[in-house]
Amino acid sequence: MRRRAPTSVGGVDAIRRSTGGAVALLVAAGLAACGTGGPPADLFVVTRSGEIPGARLVLRITDDGRASCNGRELVLIASEDLIDARQIRRELEGEEEGETGPADEGLSLPPGPMPIFRYAVRGQDGTVSFSDTSRGQPQTFREIAALTRRVAKGPCGLPR
């Protein structure tokens with residue numbers, strides 16, 4: 001029977017031990033970073049109301065590409081909808097540093113004649129409100145209404 005020659009402190013066994021320890025440390029650090037970030041940040045929350053059936057909706061869109069309708073579990077949204085939601089958030093809060101957006105100003109537009117839907121949109125910098133018939137709506141408000149409908153009917157499976 002042959003005996004194995006002893007290895008020195010700097011030999012193969014030492015390298016294996018130090019490499020294994022380094023790998024274990026990196027894996028532990030990676031796992032710690034993944035699970036402790038908390039819930040995803042909200043881009044904004046849309047509260048839609050109206051007199052027609054199915055008008056009532058609370059839509060929460062998160063920065064990780066998901067949405068919740070009426071407090072239900074988060075569901076994935078299309079990447080195009082996430083891109084649109086991020087652009088809406090930038091426009092609501094002012095695109096450039098120091099610029100103000102409608103949310104910064106707390107813009108609230110009165111409803112026009114015979115509104116069907118009323119919207120309140122809460123973002124990080126404030127809240128805006130408008131109806132589908134409000135006069136003087138910025139294009140962003142129309143985009144909010146369209147995105148709300150797409151996500152509600154698509155991933156959330158609602159009729160409106």
# chains A, B, ... in the order shown; residues from 1 in each chain; ligands from 1

call {"tool": "residues_around", "arguments": {"residues": "stretch 126-143 of chain A", "least_positions_apart": "6", "cutoff": "6 Å", "atoms": "only C-alpha atoms", "output": "PyMOL selection string"}}
result
chain A and resi 103-104+106-112+115+117-120

call {"tool": "write_last_selection", "arguments": {"atoms": "N, CA and C atoms", "output": "tab-separated table (two decimals), in the first residue's frame"}}
result
chain	number	residue	atom	x	y	z
A	103	ALA	N	-47.50	66.11	-10.74
A	103	ALA	CA	-47.59	65.55	-9.38
A	103	ALA	C	-46.96	66.48	-8.36
A	104	ASP	N	-45.86	67.14	-8.75
A	104	ASP	CA	-45.22	68.11	-7.85
A	104	ASP	C	-46.18	69.25	-7.51
A	106	GLY	N	-49.50	68.97	-7.65
A	106	GLY	CA	-50.78	68.46	-7.16
A	106	GLY	C	-51.92	68.81	-8.10
A	107	LEU	N	-51.67	68.73	-9.39
A	107	LEU	CA	-52.66	69.13	-10.40
A	107	LEU	C	-53.95	68.33	-10.26
A	108	SER	N	-55.06	69.05	-10.17
A	108	SER	CA	-56.38	68.43	-10.08
A	108	SER	C	-57.29	69.15	-11.08
A	109	LEU	N	-57.70	68.41	-12.11
A	109	LEU	CA	-58.54	68.99	-13.14
A	109	LEU	C	-60.00	68.62	-12.89
A	110	PRO	N	-60.91	69.60	-12.96
A	110	PRO	CA	-62.32	69.28	-12.76
A	110	PRO	C	-62.84	68.45	-13.94
A	111	PRO	N	-63.86	67.63	-13.67
A	111	PRO	CA	-64.42	66.84	-14.77
A	111	PRO	C	-65.13	67.73	-15.78
A	112	GLY	N	-65.08	67.30	-17.03
A	112	GLY	CA	-65.85	67.97	-18.08
A	112	GLY	C	-67.26	67.41	-18.09
A	115	PRO	N	-68.67	62.82	-17.49
A	115	PRO	CA	-67.50	61.95	-17.35
A	115	PRO	C	-67.92	60.50	-17.11
A	117	PHE	N	-65.13	58.07	-16.31
A	117	PHE	CA	-64.14	57.65	-15.32
A	117	PHE	C	-63.50	58.86	-14.66
A	118	ARG	N	-63.16	58.70	-13.40
A	118	ARG	CA	-62.39	59.68	-12.64
A	118	ARG	C	-61.13	58.98	-12.17
A	119	TYR	N	-59.98	59.64	-12.24
A	119	TYR	CA	-58.70	59.04	-11.89
A	119	TYR	C	-58.01	59.88	-10.83
A	120	ALA	N	-57.37	59.21	-9.89
A	120	ALA	CA	-56.44	59.85	-8.95
A	120	ALA	C	-55.18	59.00	-9.03

call {"tool": "select_by_dssp", "arguments": {"residues": "stretch 114-149 of chain A", "states": "strand (DSSP E or B)", "output": "JSON, numbers by chain"}}
result
{"A": [117, 118, 119, 120, 121, 122, 123, 126, 127, 128, 129, 130, 131]}

call {"tool": "closest_residue", "arguments": {"among": "A:Ala85, A:Pro102, A:Met114, A:Pro39", "to": "A:Ala146", "atoms": "only C-alpha atoms"}}
result
A:Ala85

call {"tool": "select_by_dssp", "arguments": {"residues": "stretch 80-136 of chain A", "states": "alpha helix (DSSP H)", "output": "VMD selection string"}}
result
chain A and resid 80 to 93 102 to 105

call {"tool": "write_last_selection", "arguments": {"atoms": "N, CA and C atoms", "output": "compact mmCIF listing (two decimals), in the first residue's frame"}}
result
# COMPACT_ATOMS: atom_id res chain seq x y z
N GLU A 80 -43.52 46.37 -22.53
CA GLU A 80 -43.92 47.66 -23.12
C GLU A 80 -44.72 48.48 -22.11
N ASP A 81 -45.57 47.79 -21.33
CA ASP A 81 -46.36 48.50 -20.32
C ASP A 81 -45.47 49.01 -19.19
N LEU A 82 -44.44 48.25 -18.82
CA LEU A 82 -43.51 48.72 -17.81
C LEU A 82 -42.75 49.94 -18.31
N ILE A 83 -42.31 49.90 -19.55
CA ILE A 83 -41.61 51.06 -20.14
C ILE A 83 -42.53 52.28 -20.13
N ASP A 84 -43.81 52.08 -20.54
CA ASP A 84 -44.76 53.19 -20.52
C ASP A 84 -44.98 53.71 -19.11
N ALA A 85 -45.10 52.80 -18.13
CA ALA A 85 -45.32 53.21 -16.73
C ALA A 85 -44.14 54.02 -16.21
N ARG A 86 -42.93 53.61 -16.53
CA ARG A 86 -41.75 54.37 -16.08
C ARG A 86 -41.73 55.75 -16.73
N GLN A 87 -42.11 55.84 -17.99
CA GLN A 87 -42.15 57.14 -18.67
C GLN A 87 -43.23 58.02 -18.05
N ILE A 88 -44.38 57.45 -17.75
CA ILE A 88 -45.46 58.21 -17.09
C ILE A 88 -44.97 58.75 -15.76
N ARG A 89 -44.29 57.92 -14.97
CA ARG A 89 -43.78 58.39 -13.68
C ARG A 89 -42.83 59.57 -13.87
N ARG A 90 -41.92 59.46 -14.85
CA ARG A 90 -40.98 60.57 -15.09
C ARG A 90 -41.73 61.84 -15.47
N GLU A 91 -42.75 61.71 -16.30
CA GLU A 91 -43.51 62.88 -16.73
C GLU A 91 -44.34 63.47 -15.59
N LEU A 92 -44.89 62.62 -14.73
CA LEU A 92 -45.66 63.12 -13.59
C LEU A 92 -44.78 63.89 -12.61
N GLU A 93 -43.54 63.44 -12.46
CA GLU A 93 -42.66 64.02 -11.45
C GLU A 93 -41.66 65.02 -12.02
N PRO A 102 -46.71 67.57 -13.05
CA PRO A 102 -48.06 67.73 -12.51
C PRO A 102 -48.21 67.19 -11.08
N ALA A 103 -47.50 66.11 -10.74
CA ALA A 103 -47.59 65.55 -9.38
C ALA A 103 -46.96 66.48 -8.36
N ASP A 104 -45.86 67.14 -8.75
CA ASP A 104 -45.22 68.11 -7.85
C ASP A 104 -46.18 69.25 -7.51
N GLU A 105 -47.00 69.61 -8.49
CA GLU A 105 -47.93 70.73 -8.33
C GLU A 105 -49.28 70.28 -7.75
